[in-house]
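Undergrad: My structure is in model_25.cif, and what it holds is mmCIF, C-alpha atoms:
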data_final
loop_
_atom_site.label_atom_id
_atom_site.label_comp_id
_atom_site.auth_asym_id
_atom_site.auth_seq_id
_atom_site.Cartn_x
_atom_site.Cartn_y
_atom_site.Cartn_z
CA MET A 1 13.78 -172.01 -120.56
CA PRO A 2 16.76 -170.07 -119.15
CA ALA A 3 20.05 -171.88 -119.44
CA SER A 4 21.71 -173.03 -116.25
CA ILE A 5 25.22 -171.73 -115.73
CA ASP A 6 28.11 -172.88 -113.58
CA PRO A 7 29.08 -170.61 -110.68
CA SER A 8 31.47 -167.75 -111.38
CA PRO A 9 34.66 -167.49 -109.31
CA ALA A 10 32.94 -164.73 -107.32
CA ASP A 11 29.90 -166.88 -106.51
CA LEU A 12 32.08 -169.91 -105.82
CA VAL A 13 34.33 -168.18 -103.29
CA ARG A 14 31.42 -166.41 -101.56
CA THR A 15 29.37 -169.61 -101.28
CA LEU A 16 32.28 -171.68 -99.97
CA ARG A 17 33.34 -168.97 -97.51
CA GLU A 18 29.82 -168.66 -96.11
CA ARG A 19 29.48 -172.44 -95.93
CA SER A 20 32.68 -172.52 -93.86
CA GLY A 21 31.30 -169.86 -91.50
CA LEU A 22 34.13 -167.42 -92.19
CA SER A 23 33.97 -163.66 -92.55
CA GLN A 24 35.73 -161.96 -95.45
CA GLN A 25 38.40 -160.74 -93.03
CA GLU A 26 38.98 -164.25 -91.66
CA LEU A 27 39.36 -165.66 -95.16
CA ALA A 28 41.66 -162.79 -96.10
CA ASP A 29 43.86 -163.49 -93.07
CA ARG A 30 44.11 -167.15 -94.05
CA ALA A 31 44.94 -166.33 -97.66
CA GLY A 32 47.43 -163.60 -96.74
CA VAL A 33 45.59 -160.78 -98.51
CA SER A 34 43.54 -157.78 -97.45
CA GLN A 35 39.80 -157.94 -96.79
CA SER A 36 39.24 -155.56 -99.71
CA VAL A 37 40.78 -158.10 -102.11
CA ILE A 38 38.32 -160.77 -100.98
CA SER A 39 35.48 -158.26 -101.20
CA ARG A 40 36.39 -157.28 -104.77
CA LEU A 41 36.75 -160.94 -105.70
CA GLU A 42 33.31 -161.85 -104.33
CA ARG A 43 31.71 -158.85 -106.08
CA GLY A 44 33.18 -159.92 -109.41
CA LYS A 45 35.33 -156.80 -109.64
CA VAL A 46 38.46 -158.85 -110.36
CA LEU A 47 38.91 -162.03 -112.37
CA PRO A 48 41.37 -164.12 -110.36
CA GLY A 49 44.19 -166.06 -111.94
CA LEU A 50 44.33 -169.80 -111.33
CA ASP A 51 47.23 -169.51 -108.89
CA PHE A 52 45.41 -166.94 -106.75
CA LEU A 53 42.07 -168.77 -106.88
CA GLY A 54 43.85 -171.97 -105.87
CA ARG A 55 45.44 -170.15 -102.94
CA VAL A 56 42.09 -168.82 -101.73
CA LEU A 57 40.50 -172.26 -102.00
CA GLU A 58 43.44 -173.82 -100.18
CA SER A 59 42.69 -171.38 -97.35
CA LEU A 60 39.26 -173.04 -97.22
CA GLU A 61 40.94 -176.49 -97.09
CA LEU A 62 39.89 -177.18 -100.67
CA GLN A 63 41.84 -177.97 -103.81
CA LEU A 64 41.28 -176.40 -107.21
CA ILE A 65 40.91 -179.09 -109.86
CA LEU A 66 40.56 -178.25 -113.53
CA GLY A 67 38.26 -180.33 -115.66
CA THR A 68 35.92 -180.29 -118.61
CA ALA A 69 32.18 -180.82 -118.83
CA PRO A 70 29.64 -180.93 -121.65
CA LEU A 71 27.87 -177.68 -122.44
CA TRP A 72 24.39 -177.35 -120.96
CA GLN A 73 23.13 -177.06 -124.53
CA THR A 74 24.64 -180.46 -125.32
CA ILE A 75 23.02 -182.03 -122.26
CA ASP A 76 19.66 -180.44 -123.17
CA GLU A 77 19.95 -182.01 -126.63
CA GLN A 78 20.72 -185.40 -125.08
CA LEU A 79 17.74 -185.12 -122.73
CA GLU A 80 15.47 -184.16 -125.62
CA ALA A 81 16.73 -187.15 -127.63
CA ALA A 82 16.01 -189.48 -124.69
CA ALA A 83 12.46 -188.17 -124.22
CA GLY A 84 9.76 -190.54 -125.38
CA ARG A 85 11.99 -193.61 -125.48
CA SER A 86 10.84 -196.67 -123.57
CA VAL A 87 12.86 -198.14 -120.73
CA GLU A 88 13.29 -201.30 -122.79
CA ASP A 89 14.72 -199.39 -125.75
CA VAL A 90 17.19 -197.54 -123.53
CA PHE A 91 18.64 -200.68 -121.98
CA GLU A 92 18.53 -202.73 -125.16
CA ASP A 93 20.68 -200.06 -126.81
CA ALA A 94 23.09 -200.17 -123.84
CA GLU A 95 23.41 -203.93 -124.29
CA LEU A 96 24.16 -203.53 -128.00
CA LEU A 97 27.22 -201.54 -126.88
CA LEU A 98 28.31 -204.23 -124.41
CA PHE A 99 31.87 -204.32 -125.76
CA ASP A 100 32.11 -200.58 -126.39
CA GLY A 101 31.24 -198.92 -123.08
CA GLY A 102 27.72 -200.31 -122.68
CA PHE A 103 26.40 -203.03 -120.40
CA SER A 104 23.80 -205.73 -119.93
CA LEU A 105 21.46 -204.69 -117.12
CA LEU A 106 20.25 -208.18 -116.23
CA ALA A 107 23.72 -209.70 -116.52
CA ALA A 108 25.00 -207.04 -114.13
CA ASP A 109 22.19 -207.78 -111.67
CA ASP A 110 22.85 -211.52 -111.93
CA SER A 111 26.56 -211.04 -111.30
CA LEU A 112 25.84 -208.97 -108.17
CA ALA A 113 23.27 -211.40 -106.77
CA GLU A 114 25.44 -212.23 -103.73
CA ILE A 115 26.26 -208.59 -103.02
CA PRO A 116 23.80 -206.10 -101.47
CA HIS A 117 23.36 -203.46 -104.15
CA ARG A 118 21.11 -200.78 -105.61
CA PHE A 119 21.10 -199.38 -109.11
CA CYS A 120 21.85 -195.67 -108.85
CA GLY A 121 22.84 -192.66 -110.96
CA LEU A 122 21.56 -192.44 -114.51
CA THR A 123 20.84 -196.20 -114.49
CA ALA A 124 18.34 -195.70 -111.68
CA ALA A 125 16.86 -192.58 -113.27
CA ALA A 126 16.32 -194.41 -116.57
CA LEU A 127 14.72 -197.41 -114.82
CA LEU A 128 12.36 -194.99 -113.10
CA GLY A 129 11.31 -193.59 -116.47
CA ALA A 130 13.33 -190.38 -116.52
CA PRO A 131 14.42 -189.28 -120.01
CA VAL A 132 18.18 -189.51 -119.54
CA PRO A 133 21.05 -190.87 -121.64
CA ILE A 134 22.95 -193.78 -120.12
CA ALA A 135 26.26 -195.48 -120.74
CA GLN A 136 27.77 -197.18 -117.69
CA CYS A 137 25.84 -199.35 -115.26
CA GLU A 138 25.86 -197.43 -111.98
CA VAL A 139 25.42 -199.26 -108.68
CA VAL A 140 25.95 -198.50 -105.00
CA ILE A 141 27.08 -201.14 -102.50
CA PRO A 142 27.94 -201.06 -98.77
CA ASN A 143 31.57 -200.46 -97.85
CA ASP A 144 31.72 -202.86 -94.90
CA ALA A 145 34.56 -205.40 -94.87
CA LYS A 146 32.41 -208.42 -95.75
CA THR A 147 30.82 -206.73 -98.77
CA MET A 148 34.17 -205.40 -99.96
CA ASP A 149 35.54 -208.94 -99.85
CA SER A 150 32.56 -210.10 -101.90
CA PHE A 151 33.08 -207.31 -104.41
CA ASP A 152 36.77 -208.24 -104.68
CA LEU A 153 35.61 -211.75 -105.59
CA TRP A 154 33.17 -210.25 -108.12
CA ILE A 155 36.10 -208.48 -109.79
CA TYR A 156 37.95 -211.81 -110.06
CA ARG A 157 34.94 -213.72 -111.40
CA GLN A 158 34.09 -210.99 -113.89
CA GLU A 159 37.73 -210.67 -115.00
CA ALA A 160 37.15 -206.96 -114.46
CA LYS A 161 39.73 -204.33 -115.40
CA ARG A 162 39.93 -201.07 -113.44
CA TRP A 163 39.99 -197.65 -115.10
CA ASN A 164 43.33 -195.85 -114.92
CA ASP A 165 42.72 -192.10 -114.62
CA ARG A 166 46.31 -191.27 -115.53
CA LEU A 167 46.51 -193.43 -118.64
CA GLN A 168 42.82 -192.98 -119.52
CA MET A 169 42.36 -196.70 -120.13
CA PHE A 170 41.46 -199.93 -118.33
CA TYR A 171 45.01 -200.96 -117.53
CA GLY A 172 47.90 -200.67 -115.13
CA VAL A 173 46.29 -200.13 -111.70
CA SER A 174 45.46 -202.30 -108.72
CA ARG A 175 42.15 -204.07 -109.10
CA ASP A 176 41.63 -204.29 -105.32
CA PRO A 177 38.64 -202.00 -104.57
CA ARG A 178 40.19 -201.15 -101.19
CA ASP A 179 43.16 -199.54 -102.92
CA PRO A 180 42.93 -195.92 -104.11
CA GLY A 181 41.73 -195.43 -107.66
CA SER A 182 38.73 -195.01 -109.91
CA ASN A 183 35.74 -197.20 -109.09
CA ARG A 184 34.97 -197.77 -112.75
CA TRP A 185 35.31 -201.30 -114.09
CA ARG A 186 35.09 -203.08 -117.44
CA ALA A 187 33.62 -206.48 -116.66
CA MET A 188 32.03 -209.38 -118.54
CA CYS A 189 28.62 -207.77 -117.96
CA GLY A 190 29.86 -204.45 -119.38
CA GLU A 191 31.09 -201.20 -117.88
CA VAL A 192 30.18 -200.72 -114.23
CA ARG A 193 30.71 -197.68 -111.98
CA VAL A 194 30.45 -198.41 -108.26
CA SER A 195 29.72 -196.06 -105.39
CA PHE A 196 30.41 -197.19 -101.83
CA ALA A 197 28.23 -196.15 -98.90
CA ALA A 198 28.04 -196.87 -95.19
CA GLU A 199 24.31 -197.53 -95.68
CA LEU A 200 22.35 -198.25 -98.82
CA PRO A 201 19.95 -195.44 -99.74
CA PRO A 202 16.16 -195.97 -99.80
CA ALA A 203 15.08 -198.12 -102.72
CA VAL A 204 12.07 -199.07 -104.77
CA SER A 205 11.51 -202.25 -106.75
CA VAL A 206 11.30 -201.77 -110.50
CA THR A 207 10.21 -204.61 -112.78
CA TYR A 208 12.23 -204.94 -115.97
CA GLN A 209 11.61 -207.87 -118.31
CA GLY A 210 9.87 -209.72 -115.48
CA ARG A 211 12.72 -209.15 -113.03
CA ALA A 212 12.34 -207.07 -109.86
CA LEU A 213 15.40 -204.82 -109.61
CA PRO A 214 16.53 -202.82 -106.54
CA VAL A 215 16.65 -199.17 -107.60
CA VAL A 216 17.50 -196.10 -105.54
CA ALA A 217 14.38 -193.96 -105.16
CA LEU A 218 14.51 -190.94 -107.47
CA PRO A 219 14.82 -188.24 -104.73
CA PHE A 220 17.93 -190.05 -103.44
CA VAL A 221 19.58 -190.76 -106.78
CA GLU A 222 23.19 -189.57 -106.76
CA THR A 223 26.32 -190.46 -108.69
CA THR A 224 30.11 -190.28 -108.48
CA ASP A 225 30.43 -189.72 -112.23
CA PRO A 226 30.85 -185.99 -113.05
CA TYR A 227 29.03 -186.30 -116.38
CA ALA A 228 26.12 -188.21 -114.85
CA ALA A 229 25.93 -185.69 -112.00
CA ARG A 230 25.63 -182.88 -114.54
CA VAL A 231 22.86 -184.69 -116.41
CA LEU A 232 20.95 -185.36 -113.17
CA GLN A 233 21.27 -181.72 -112.17
CA ARG A 234 19.91 -180.55 -115.51
CA MET A 235 17.11 -183.13 -115.46
CA ARG A 236 15.98 -181.87 -112.05
CA GLU A 237 16.16 -178.24 -113.14
CA ARG A 238 14.02 -178.94 -116.19
CA ALA A 239 11.48 -180.86 -114.06
CA ALA A 240 11.33 -177.96 -111.57
CA ASP A 241 10.74 -175.48 -114.42
CA ARG A 242 7.82 -177.59 -115.68
CA ASP A 243 6.29 -177.66 -112.20
#
Take the structure in the file and write it out as structure tokens.
TA:
Amino acid sequence: MPASIDPSPADLVRTLRERSGLSQQELADRAGVSQSVISRLERGKVLPGLDFLGRVLESLELQLILGTAPLWQTIDEQLEAAAGRSVEDVFEDAELLLFDGGFSLLAADDSLAEIPHRFCGLTAAALLGAPVPIAQCEVVIPNDAKTMDSFDLWIYRQEAKRWNDRLQMFYGVSRDPRDPGSNRWRAMCGEVRVSFAAELPPAVSVTYQGRALPVVALPFVETTDPYAARVLQRMRERAADRD
């Protein structure tokens, strides 16, 4: 199976420029360079420095953000390790890690009983039988005022701490979900990552230990977690190769 690769700077700039409906000359004018510079960049003839690449992306009203991600080989190994495991085994293992980044699926569902929600991300994929690794409990809830008030109360009842991106720990930031910050929480039911949506995506009912759980249908499964997004992308690529 050929390995998937991330886009090169050339592919990235070309794709984003075309998506914005700009010609090379128009992008060059915005970035303050010649059209030939953009052309050479998009053909991979030059390897741009971070400052220059950031300037070009800023011309597209985008910001360059540096980050890290697991190698595709690592994700392939994780997917292989998850293959053949039962849904029960996957979530029982997550519950064993309740106080170390895991979660209790049924406790999370119980705690959210008064809040419209769907399980999403890798949690949904695993419930639907996909061979994926899981860690956090991923859910999506509506972002209307009433639901946000209910979720604020959930945070209080669960004594939930919010993840601080700057300090890389659950400490030192506002717990109010309406305030800016990571939507990752350490609660009594475990670690929960929340996505907010104007409308809940289509769902299916999945029975787990006799409980019917609301789960985002697999074609609509998305996530706000960069690692989970990478795993979902690779899972879909592998499934497409098999087809």
Undergrad: Written as number ranges by chain, which residues does the PyMOL selection byres ((chain A and resi 225) around 12) give for the file shown?
TA: A: 69, 120-123, 134-139, 182-184, 192-195, 222-224, 226-232
Undergrad: Quick one: everything within 8 Å of Gln63 in chain A, counting only C-alpha atoms, minus sequence neighbours fewer than 4 positions away in the same chain. Send it as a ChimeraX atom specification.
TA: /A:54,57-58
Undergrad: List the spatial neighbours of Leu218 in chain A as a PyMOL selection string - criterion: any atom at most 8 Å away, only C-alpha atoms, same-chain residues fewer than 3 positions off excluded.
TA: chain A and resi 124-125+128+221
Undergrad: To one decimal place in Å, what is the distance between CA of Asp51 in chain A and CA of Gly181 in chain A?
TA: 26.5 Å
Undergrad: In Å, how far is it from CA of Arg43 in chain A to CA of Glu26 in chain A?
TA: 17.0 Å
Undergrad: Take CA of Val204 in chain A and CA of His117 in chain A and report the distance between them in Å, one decimal.
TA: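 So the two atoms, CA of Val204 in chain A and CA of His117 in chain A, lie 12.1 Å apart.
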Undergrad: Select, from A:Leu127, A:Ala240, A:Leu105, A:Ala187, the residue with the minimum atom-to-atom distance to Ile155 in chain A, counting all atoms listed in the file.
TA: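 Answer, going by the shortest atom-to-atom distance: A:Ala187.
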Undergrad: For Arg30 in chain A, list every protein, DNA or RNA residue within 9 Å, evaluated using all atoms listed in the file, and leave out those in the same chain fewer than 4 positions away; present the list as a list in words.
TA: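 Counting all atoms listed in the file, the residues come to Gln25, Glu26, Val56, Ser59 and Leu60 of chain A.
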Undergrad: Could you model N, CA, C and O atoms for range 13-34 of chain A and present them as an mmCIF file, in the frame of the given file?
TA:
data_model
loop_
_atom_site.group_PDB
_atom_site.id
_atom_site.type_symbol
_atom_site.label_atom_id
_atom_site.label_comp_id
_atom_site.auth_asym_id
_atom_site.auth_seq_id
_atom_site.Cartn_x
_atom_site.Cartn_y
_atom_site.Cartn_z
ATOM 1 N N VAL A 13 33.595 -168.540 -104.511
ATOM 2 C CA VAL A 13 34.330 -168.180 -103.290
ATOM 3 C C VAL A 13 33.357 -167.727 -102.207
ATOM 4 O O VAL A 13 33.490 -168.129 -101.036
ATOM 5 N N ARG A 14 32.372 -166.898 -102.566
ATOM 6 C CA ARG A 14 31.420 -166.410 -101.560
ATOM 7 C C ARG A 14 30.640 -167.572 -100.934
ATOM 8 O O ARG A 14 30.494 -167.647 -99.710
ATOM 9 N N THR A 15 30.153 -168.481 -101.784
ATOM 10 C CA THR A 15 29.370 -169.610 -101.280
ATOM 11 C C THR A 15 30.201 -170.498 -100.366
ATOM 12 O O THR A 15 29.750 -170.898 -99.280
ATOM 13 N N LEU A 16 31.434 -170.802 -100.778
ATOM 14 C CA LEU A 16 32.280 -171.680 -99.970
ATOM 15 C C LEU A 16 32.715 -171.002 -98.676
ATOM 16 O O LEU A 16 32.809 -171.649 -97.632
ATOM 17 N N ARG A 17 32.971 -169.696 -98.742
ATOM 18 C CA ARG A 17 33.340 -168.970 -97.510
ATOM 19 C C ARG A 17 32.187 -168.989 -96.518
ATOM 20 O O ARG A 17 32.379 -169.280 -95.321
ATOM 21 N N GLU A 18 30.972 -168.688 -96.998
ATOM 22 C CA GLU A 18 29.820 -168.660 -96.110
ATOM 23 C C GLU A 18 29.525 -170.047 -95.556
ATOM 24 O O GLU A 18 29.145 -170.192 -94.382
ATOM 25 N N ARG A 19 29.708 -171.064 -96.392
ATOM 26 C CA ARG A 19 29.480 -172.440 -95.930
ATOM 27 C C ARG A 19 30.468 -172.815 -94.827
ATOM 28 O O ARG A 19 30.148 -173.607 -93.939
ATOM 29 N N SER A 20 31.666 -172.238 -94.881
ATOM 30 C CA SER A 20 32.680 -172.520 -93.860
ATOM 31 C C SER A 20 32.499 -171.661 -92.610
ATOM 32 O O SER A 20 33.232 -171.834 -91.630
ATOM 33 N N GLY A 21 31.559 -170.703 -92.653
ATOM 34 C CA GLY A 21 31.300 -169.860 -91.500
ATOM 35 C C GLY A 21 32.361 -168.803 -91.261
ATOM 36 O O GLY A 21 32.542 -168.347 -90.118
ATOM 37 N N LEU A 22 33.071 -168.414 -92.319
ATOM 38 C CA LEU A 22 34.130 -167.420 -92.190
ATOM 39 C C LEU A 22 33.657 -166.063 -92.677
ATOM 40 O O LEU A 22 32.856 -165.963 -93.612
ATOM 41 N N SER A 23 34.186 -165.016 -92.046
ATOM 42 C CA SER A 23 33.970 -163.660 -92.550
ATOM 43 C C SER A 23 34.973 -163.402 -93.668
ATOM 44 O O SER A 23 35.945 -164.149 -93.849
ATOM 45 N N GLN A 24 34.758 -162.330 -94.424
ATOM 46 C CA GLN A 24 35.730 -161.960 -95.450
ATOM 47 C C GLN A 24 37.094 -161.699 -94.841
ATOM 48 O O GLN A 24 38.123 -162.085 -95.414
ATOM 49 N N GLN A 25 37.121 -161.044 -93.673
ATOM 50 C CA GLN A 25 38.400 -160.740 -93.030
ATOM 51 C C GLN A 25 39.115 -162.023 -92.611
ATOM 52 O O GLN A 25 40.339 -162.146 -92.765
ATOM 53 N N GLU A 26 38.370 -162.986 -92.080
ATOM 54 C CA GLU A 26 38.980 -164.250 -91.660
ATOM 55 C C GLU A 26 39.563 -164.999 -92.843
ATOM 56 O O GLU A 26 40.665 -165.558 -92.761
ATOM 57 N N LEU A 27 38.824 -165.011 -93.969
ATOM 58 C CA LEU A 27 39.360 -165.660 -95.160
ATOM 59 C C LEU A 27 40.584 -164.920 -95.685
ATOM 60 O O LEU A 27 41.578 -165.544 -96.093
ATOM 61 N N ALA A 28 40.526 -163.592 -95.654
ATOM 62 C CA ALA A 28 41.660 -162.790 -96.100
ATOM 63 C C ALA A 28 42.898 -163.082 -95.263
ATOM 64 O O ALA A 28 44.009 -163.220 -95.804
ATOM 65 N N ASP A 29 42.725 -163.194 -93.951
ATOM 66 C CA ASP A 29 43.860 -163.490 -93.070
ATOM 67 C C ASP A 29 44.462 -164.850 -93.422
ATOM 68 O O ASP A 29 45.688 -165.011 -93.443
ATOM 69 N N ARG A 30 43.611 -165.830 -93.699
ATOM 70 C CA ARG A 30 44.110 -167.150 -94.050
ATOM 71 C C ARG A 30 44.865 -167.142 -95.371
ATOM 72 O O ARG A 30 45.879 -167.822 -95.536
ATOM 73 N N ALA A 31 44.354 -166.359 -96.323
ATOM 74 C CA ALA A 31 44.940 -166.330 -97.660
ATOM 75 C C ALA A 31 46.119 -165.363 -97.760
ATOM 76 O O ALA A 31 46.814 -165.338 -98.788
ATOM 77 N N GLY A 32 46.320 -164.550 -96.721
ATOM 78 C CA GLY A 32 47.430 -163.600 -96.740
ATOM 79 C C GLY A 32 47.191 -162.406 -97.627
ATOM 80 O O GLY A 32 48.131 -161.870 -98.228
ATOM 81 N N VAL A 33 45.932 -161.972 -97.720
ATOM 82 C CA VAL A 33 45.590 -160.780 -98.510
ATOM 83 C C VAL A 33 44.727 -159.865 -97.653
ATOM 84 O O VAL A 33 44.350 -160.209 -96.532
ATOM 85 N N SER A 34 44.396 -158.706 -98.195
ATOM 86 C CA SER A 34 43.540 -157.780 -97.450
ATOM 87 C C SER A 34 42.065 -158.155 -97.632
ATOM 88 O O SER A 34 41.692 -158.839 -98.594
#
